[in-house]
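**Q** Structure supplied as final.cif; contents: mmCIF, C-alpha atoms and all ligand atoms.
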```
data_run
#
loop_
_atom_site.label_atom_id
_atom_site.label_comp_id
_atom_site.auth_asym_id
_atom_site.auth_seq_id
_atom_site.Cartn_x
_atom_site.Cartn_y
_atom_site.Cartn_z
CA MET Z 161 111.15 86.77 69.45
CA ILE Z 162 107.57 87.25 70.57
CA GLY Z 163 106.48 89.87 73.04
CA ALA Z 164 108.24 91.02 76.14
CA PHE Z 165 110.24 88.64 78.25
CA TYR Z 166 111.34 88.82 81.81
CA GLN Z 167 115.03 88.50 82.35
CA PRO Z 168 115.89 87.66 85.94
CA ARG Z 169 118.90 89.55 87.15
CA LEU Z 170 121.48 87.88 89.32
CA VAL Z 171 122.48 89.98 92.31
CA VAL Z 172 125.78 89.14 93.86
CA CYS Z 173 126.68 90.61 97.20
CA ASP Z 174 129.91 89.75 98.95
CA LEU Z 175 129.08 90.17 102.63
CA ALA Z 176 132.78 90.03 103.52
CA THR Z 177 133.17 93.55 102.15
CA LEU Z 178 130.90 94.72 104.97
CA ASP Z 179 133.40 93.52 107.59
CA SER Z 180 135.89 96.25 106.79
CA LEU Z 181 133.31 99.00 106.42
CA PRO Z 182 133.50 101.76 109.06
CA LEU Z 183 130.50 101.62 111.40
CA ARG Z 184 129.25 104.99 110.17
CA GLU Z 185 129.09 103.66 106.61
CA LEU Z 186 127.44 100.41 107.72
CA SER Z 187 124.73 102.47 109.43
CA ALA Z 188 124.34 104.62 106.32
CA GLY Z 189 123.87 101.44 104.27
CA LEU Z 190 121.21 100.26 106.69
CA ALA Z 191 119.12 103.35 105.88
CA GLU Z 192 118.58 101.88 102.41
CA VAL Z 193 117.52 98.60 104.03
CA ILE Z 194 115.20 100.19 106.58
CA LYS Z 195 113.30 102.05 103.84
CA TYR Z 196 111.84 98.78 102.52
CA GLY Z 197 109.89 98.22 105.74
CA PRO Z 198 107.65 101.29 105.74
CA ILE Z 199 107.06 101.30 101.96
CA ALA Z 200 106.39 97.61 101.43
CA ASP Z 201 106.69 95.16 104.30
CA THR Z 202 105.84 95.69 107.96
CA ASN Z 203 106.98 92.13 108.75
CA PHE Z 204 110.43 93.14 107.56
CA MET Z 205 110.18 96.16 109.84
CA ASP Z 206 109.40 93.81 112.77
CA TRP Z 207 112.42 91.73 111.82
CA LEU Z 208 114.67 94.81 111.62
CA GLU Z 209 113.52 95.88 115.07
CA SER Z 210 114.47 92.54 116.56
CA SER Z 211 117.68 92.19 114.54
CA MET Z 212 119.27 95.65 114.68
CA GLU Z 213 121.89 94.63 117.26
CA ALA Z 214 122.90 91.62 115.18
CA LEU Z 215 123.11 93.77 112.06
CA LEU Z 216 125.34 96.34 113.75
CA ALA Z 217 127.46 93.48 115.13
CA ARG Z 218 127.77 92.34 111.48
CA GLU Z 219 126.38 88.89 112.17
CA ARG Z 220 126.59 87.19 108.83
CA SER Z 221 123.15 85.54 108.85
CA ALA Z 222 121.42 88.79 109.80
CA LEU Z 223 123.25 90.77 107.11
CA ALA Z 224 122.46 88.07 104.56
CA HIS Z 225 118.76 88.21 105.37
CA ALA Z 226 118.71 92.02 105.26
CA VAL Z 227 120.38 92.10 101.85
CA ARG Z 228 118.27 89.26 100.46
CA ARG Z 229 114.97 90.76 101.60
CA SER Z 230 115.96 94.22 100.29
CA CYS Z 231 116.73 92.73 96.87
CA GLU Z 232 113.47 90.75 96.87
CA ILE Z 233 111.35 93.77 97.70
CA LYS Z 234 113.16 95.93 95.16
CA ALA Z 235 112.67 93.27 92.46
CA TRP Z 236 109.01 92.94 93.41
CA VAL Z 237 108.41 96.69 93.18
CA VAL Z 238 110.18 96.91 89.82
CA SER Z 239 108.24 93.87 88.49
CA GLN Z 240 104.96 95.51 89.52
CA ASP Z 241 106.03 98.54 87.53
CA GLU Z 242 106.50 96.85 84.13
CA LYS Z 243 103.98 99.23 82.63
CA GLU Z 244 106.05 102.16 83.95
CA THR Z 245 103.24 103.36 86.17
CA GLY Z 246 105.82 105.06 88.31
CA LEU Z 247 105.52 102.64 91.24
CA ARG Z 248 109.28 102.20 91.36
CA ALA Z 249 109.53 105.82 92.52
CA ILE Z 250 108.53 104.56 95.98
CA LEU Z 251 112.07 103.15 96.23
CA ASN Z 252 113.11 106.79 96.69
CA PHE Z 253 111.40 107.03 100.07
CA GLY Z 254 113.35 109.56 102.16
CA HIS Z 255 115.40 110.66 99.16
CA THR Z 256 113.64 113.93 98.31
CA PHE Z 257 114.48 115.46 101.68
CA GLY Z 258 117.72 113.46 101.79
CA HIS Z 259 119.04 114.86 98.53
CA ALA Z 260 118.32 118.39 99.79
CA ILE Z 261 120.38 117.64 102.90
CA GLU Z 262 123.29 116.22 100.88
CA ALA Z 263 123.30 119.10 98.42
CA GLY Z 264 122.73 121.76 101.06
CA MET Z 265 125.52 120.54 103.32
CA GLY Z 266 127.93 119.95 100.44
CA TYR Z 267 128.30 116.41 99.11
CA GLY Z 268 130.12 114.08 101.48
CA VAL Z 269 129.49 116.05 104.67
CA TRP Z 270 126.42 113.94 105.31
CA LEU Z 271 126.62 110.43 103.88
CA HIS Z 272 123.85 109.57 101.41
CA GLY Z 273 122.26 107.12 103.85
CA GLU Z 274 122.35 109.68 106.66
CA GLY Z 275 120.43 112.15 104.50
CA VAL Z 276 117.97 109.41 103.57
CA ALA Z 277 117.53 108.51 107.26
CA ALA Z 278 116.58 112.03 108.35
CA GLY Z 279 114.63 112.33 105.09
CA MET Z 280 112.55 109.24 105.92
CA VAL Z 281 111.57 110.79 109.26
CA MET Z 282 110.55 113.99 107.47
CA ALA Z 283 108.58 112.10 104.82
CA ALA Z 284 106.86 110.02 107.50
CA GLU Z 285 106.03 113.14 109.47
CA LEU Z 286 104.59 114.74 106.32
CA SER Z 287 102.54 111.57 105.74
CA CYS Z 288 101.22 111.85 109.28
CA ARG Z 289 100.28 115.51 108.89
CA LEU Z 290 98.43 114.62 105.68
CA GLY Z 291 96.46 112.04 107.65
CA LEU Z 292 97.95 109.06 105.80
CA VAL Z 293 99.59 107.36 108.77
CA ASP Z 294 99.35 107.77 112.53
CA ALA Z 295 101.91 109.36 114.85
CA ALA Z 296 102.69 106.00 116.46
CA PHE Z 297 104.05 104.74 113.15
CA VAL Z 298 106.24 107.82 112.74
CA GLU Z 299 107.61 107.23 116.25
CA ARG Z 300 108.21 103.57 115.47
CA LEU Z 301 110.16 104.36 112.30
CA THR Z 302 112.09 107.15 114.03
CA ALA Z 303 113.10 104.78 116.85
CA LEU Z 304 114.30 102.15 114.38
CA ILE Z 305 116.39 104.72 112.48
CA ALA Z 306 117.92 105.95 115.75
CA ARG Z 307 118.79 102.39 116.77
CA ALA Z 308 120.68 101.97 113.50
CA GLY Z 309 122.91 104.85 114.64
CA LEU Z 310 121.43 107.21 112.08
CA PRO Z 311 120.28 110.84 112.39
CA THR Z 312 116.55 111.39 112.88
CA LYS Z 313 116.69 115.17 112.53
CA GLY Z 314 117.84 117.15 109.52
CA PRO Z 315 120.50 119.87 109.68
CA VAL Z 316 119.69 123.56 109.46
CA LEU Z 317 120.76 124.55 105.96
CA ASP Z 318 119.95 128.24 106.24
CA VAL Z 319 119.57 130.15 109.50
CA THR Z 320 117.29 132.82 108.01
CA ASP Z 321 114.92 130.61 105.97
CA ASN Z 322 115.70 126.96 106.54
CA ALA Z 323 112.44 125.57 105.16
CA GLY Z 324 112.76 127.86 102.14
CA ARG Z 325 116.23 126.51 101.43
CA TYR Z 326 115.01 122.89 101.66
CA LEU Z 327 112.13 123.69 99.29
CA GLU Z 328 114.47 125.43 96.87
CA LEU Z 329 116.85 122.44 96.82
CA MET Z 330 114.00 119.93 96.46
CA ARG Z 331 112.63 121.86 93.47
CA ILE Z 332 116.03 121.64 91.78
CA ASP Z 333 116.10 117.87 92.38
CA LYS Z 334 115.09 115.77 89.38
CA LYS Z 335 111.87 114.48 90.86
CA SER Z 336 110.36 117.94 90.83
CA GLU Z 337 108.19 118.25 87.73
CA GLY Z 338 107.09 121.73 86.71
CA GLY Z 339 108.10 123.11 90.08
CA GLU Z 340 105.90 120.59 91.90
CA ILE Z 341 107.77 118.43 94.37
CA ARG Z 342 106.62 114.79 94.40
CA PHE Z 343 107.06 113.14 97.79
CA VAL Z 344 107.12 109.43 98.52
CA LEU Z 345 104.72 109.19 101.46
CA ILE Z 346 103.62 106.36 103.71
CA ASP Z 347 99.99 105.55 102.98
CA GLY Z 348 99.46 103.28 105.96
CA PRO Z 349 102.19 100.98 107.28
CA GLY Z 350 103.83 98.98 104.49
CA LYS Z 351 102.32 101.01 101.65
CA ALA Z 352 103.68 104.03 99.82
CA VAL Z 353 102.20 106.67 97.55
CA VAL Z 354 103.83 109.41 95.48
CA ARG Z 355 102.16 112.79 95.60
CA ALA Z 356 102.61 116.51 96.07
CA ALA Z 357 101.96 118.35 99.34
CA PRO Z 358 101.17 121.97 100.19
CA ASP Z 359 104.30 124.08 100.74
CA ALA Z 360 102.96 125.37 104.05
CA LEU Z 361 102.68 121.85 105.41
CA VAL Z 362 106.14 120.90 104.12
CA ARG Z 363 107.52 123.99 105.87
CA GLU Z 364 105.92 122.89 109.16
CA VAL Z 365 107.50 119.46 108.81
CA ILE Z 366 110.95 120.89 108.10
CA ASP Z 367 110.66 123.27 111.05
CA ALA Z 368 109.67 120.35 113.30
CA CYS Z 369 112.33 117.96 111.97
CA CYS Z 370 115.53 120.04 111.90
CA VAL Z 371 118.01 120.89 114.62
ZN ZN Z 401 119.68 105.98 98.02
#
```
Output the file's structure in the form of structure tokens.
**A**
Amino acid sequence: MIGAFYQPRLVVCDLATLDSLPLRELSAGLAEVIKYGPIADTNFMDWLESSMEALLARERSALAHAVRRSCEIKAWVVSQDEKETGLRAILNFGHTFGHAIEAGMGYGVWLHGEGVAAGMVMAAELSCRLGLVDAAFVERLTALIARAGLPTKGPVLDVTDNAGRYLELMRIDKKSEGGEIRFVLIDGPGKAVVRAAPDALVREVIDACCV
């Protein structure tokens, strides 16, 4: 056996299982589909905008395209990351804030995808405040998430120091290295970057994005 070889992985998805899924869980699943637009493919974001009704109505062809495109983008990101440069971390867009929401509320109170949805808005807002993407893009993503029936604001986890609680939970999360929280941020529509951000700015975002 010489050198490395690429082993294609077969992904099987039985769309019929989506028929019996409660609407809330279907929406939560769509959060993981929506994330691929802002991080990798604005055309897919266009398609999601025009297909959201069909997706929520569980139209088979729309669901099939959403699943197929998600798998393609994921495979592409992972294939670009063969040298373990860390690119695949962009697949966690929305998850840093989202995990804090899940943990802070108690697992199961917010579905994973719901936390990711509000987390994507927060991450996009942080990207905007860092000058990486404009406010119009944040609004566009927020509107798409809302149309999927998902939350666009995070919950208040602590009435005395909400931002402090989020920061504390995000530091506990595995992506925090040496106390530094690494955020997946939008570096222009369809492109993501992983980097740290000043606590003060993260606090502003949390204050602006929680109800
Ligand atoms: Zn996830």
**Q** Which is closest to Ile233 in chain Z among Z:Gly258, Z:Glu213, Z:Met265, Z:Ile199, if we use all atoms listed in the file?
**A**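 Once distances to Ile233 in chain Z are computed over all atoms listed in the file, the minimum belongs to Z:Ile199.
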**Q** Z:Leu175, Z:Leu216, Z:Val354, Z:Pro198: which is nearest Glu340 in chain Z, counting only C-alpha atoms?
**A**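 Ranked by minimum distance to Glu340 in chain Z, first place goes to Z:Val354.
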**Q** Expressed in Å to a single decimal, how great is the separation between CA of Arg300 in chain Z and CA of Phe204 in chain Z?
**A** 13.3 Å
**Q** Using all atoms listed in the file, find the one residue out of Z:His225, Z:Arg184, Z:His272, Z:Lys234 that sits nearest to ligand ZN 401 (chain Z).
**A**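 Closest residue, counting all atoms listed in the file: Z:His272.
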**Q** To one decimal place, how far is CA of Ala277 in chain Z from CA of Leu361 in chain Z in Å?
**A**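 Rounded to one decimal, the two atoms are 20.0 Å apart.
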**Q** What is the CA of Met280 in chain Z-CA of Thr312 in chain Z distance in Å, reported with one decimal?
**A**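 Interatomic distance, CA of Met280 in chain Z to CA of Thr312 in chain Z: 8.3 Å.
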**Q** Could you check which of Z:Lys243, Z:Arg355, Z:His259, Z:Arg325 is closest to ligand ZN 401 (chain Z), using all atoms listed in the file?
**A** Z:His259
**Q** Neighbours of ligand ZN 401 (chain Z) within 12 Å, counting all atoms listed in the file, as a PyMOL selection string?
**A** chain Z and resi 188-196+249-259+262+271-277+279-280
**Q** Just the residues within 12 Å of Pro358 in chain Z, please, counting all atoms listed in the file, with nothing from its chain fewer than 3 positions along; format it as a PyMOL selection string.
**A** chain Z and resi 286-287+289-290+327+340-343+355+361-365
**Q** Measuring between only C-alpha atoms, which one of Z:Ala278, Z:Leu247, Z:Ala226, Z:Leu310 shows the shortest distance to Gly197 in chain Z?
**A**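 Closest to Gly197 in chain Z of all the choices is Z:Ala226.
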**Q** Between Z:Ser211, Z:Asp367, Z:Met282, Z:Ile305, which one has atoms that come closest to Asp321 in chain Z, using only C-alpha atoms?
**A**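 Nearest to Asp321 in chain Z: Z:Asp367.
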**Q** If you count all atoms listed in the file, which residues fall within 12 Å of Trp236 in chain Z, apart from same-chain ones fewer than 4 positions away, as a PDB file with C-alpha atoms, keeping the file's coordinate frame?
**A**
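Writing done, so here's around_22.pdb:
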```pdb
ATOM      1  CA  PRO Z 168     115.890  87.660  85.940  1.00  0.00           C
ATOM      2  CA  TYR Z 196     111.840  98.780 102.520  1.00  0.00           C
ATOM      3  CA  ALA Z 200     106.390  97.610 101.430  1.00  0.00           C
ATOM      4  CA  ASP Z 201     106.690  95.160 104.300  1.00  0.00           C
ATOM      5  CA  ARG Z 229     114.970  90.760 101.600  1.00  0.00           C
ATOM      6  CA  SER Z 230     115.960  94.220 100.290  1.00  0.00           C
ATOM      7  CA  CYS Z 231     116.730  92.730  96.870  1.00  0.00           C
ATOM      8  CA  GLU Z 232     113.470  90.750  96.870  1.00  0.00           C
ATOM      9  CA  GLN Z 240     104.960  95.510  89.520  1.00  0.00           C
ATOM     10  CA  ASP Z 241     106.030  98.540  87.530  1.00  0.00           C
ATOM     11  CA  GLU Z 242     106.500  96.850  84.130  1.00  0.00           C
ATOM     12  CA  LEU Z 247     105.520 102.640  91.240  1.00  0.00           C
ATOM     13  CA  ARG Z 248     109.280 102.200  91.360  1.00  0.00           C
ATOM     14  CA  ILE Z 250     108.530 104.560  95.980  1.00  0.00           C
ATOM     15  CA  LEU Z 251     112.070 103.150  96.230  1.00  0.00           C
TER      16      LEU Z 251
END
```
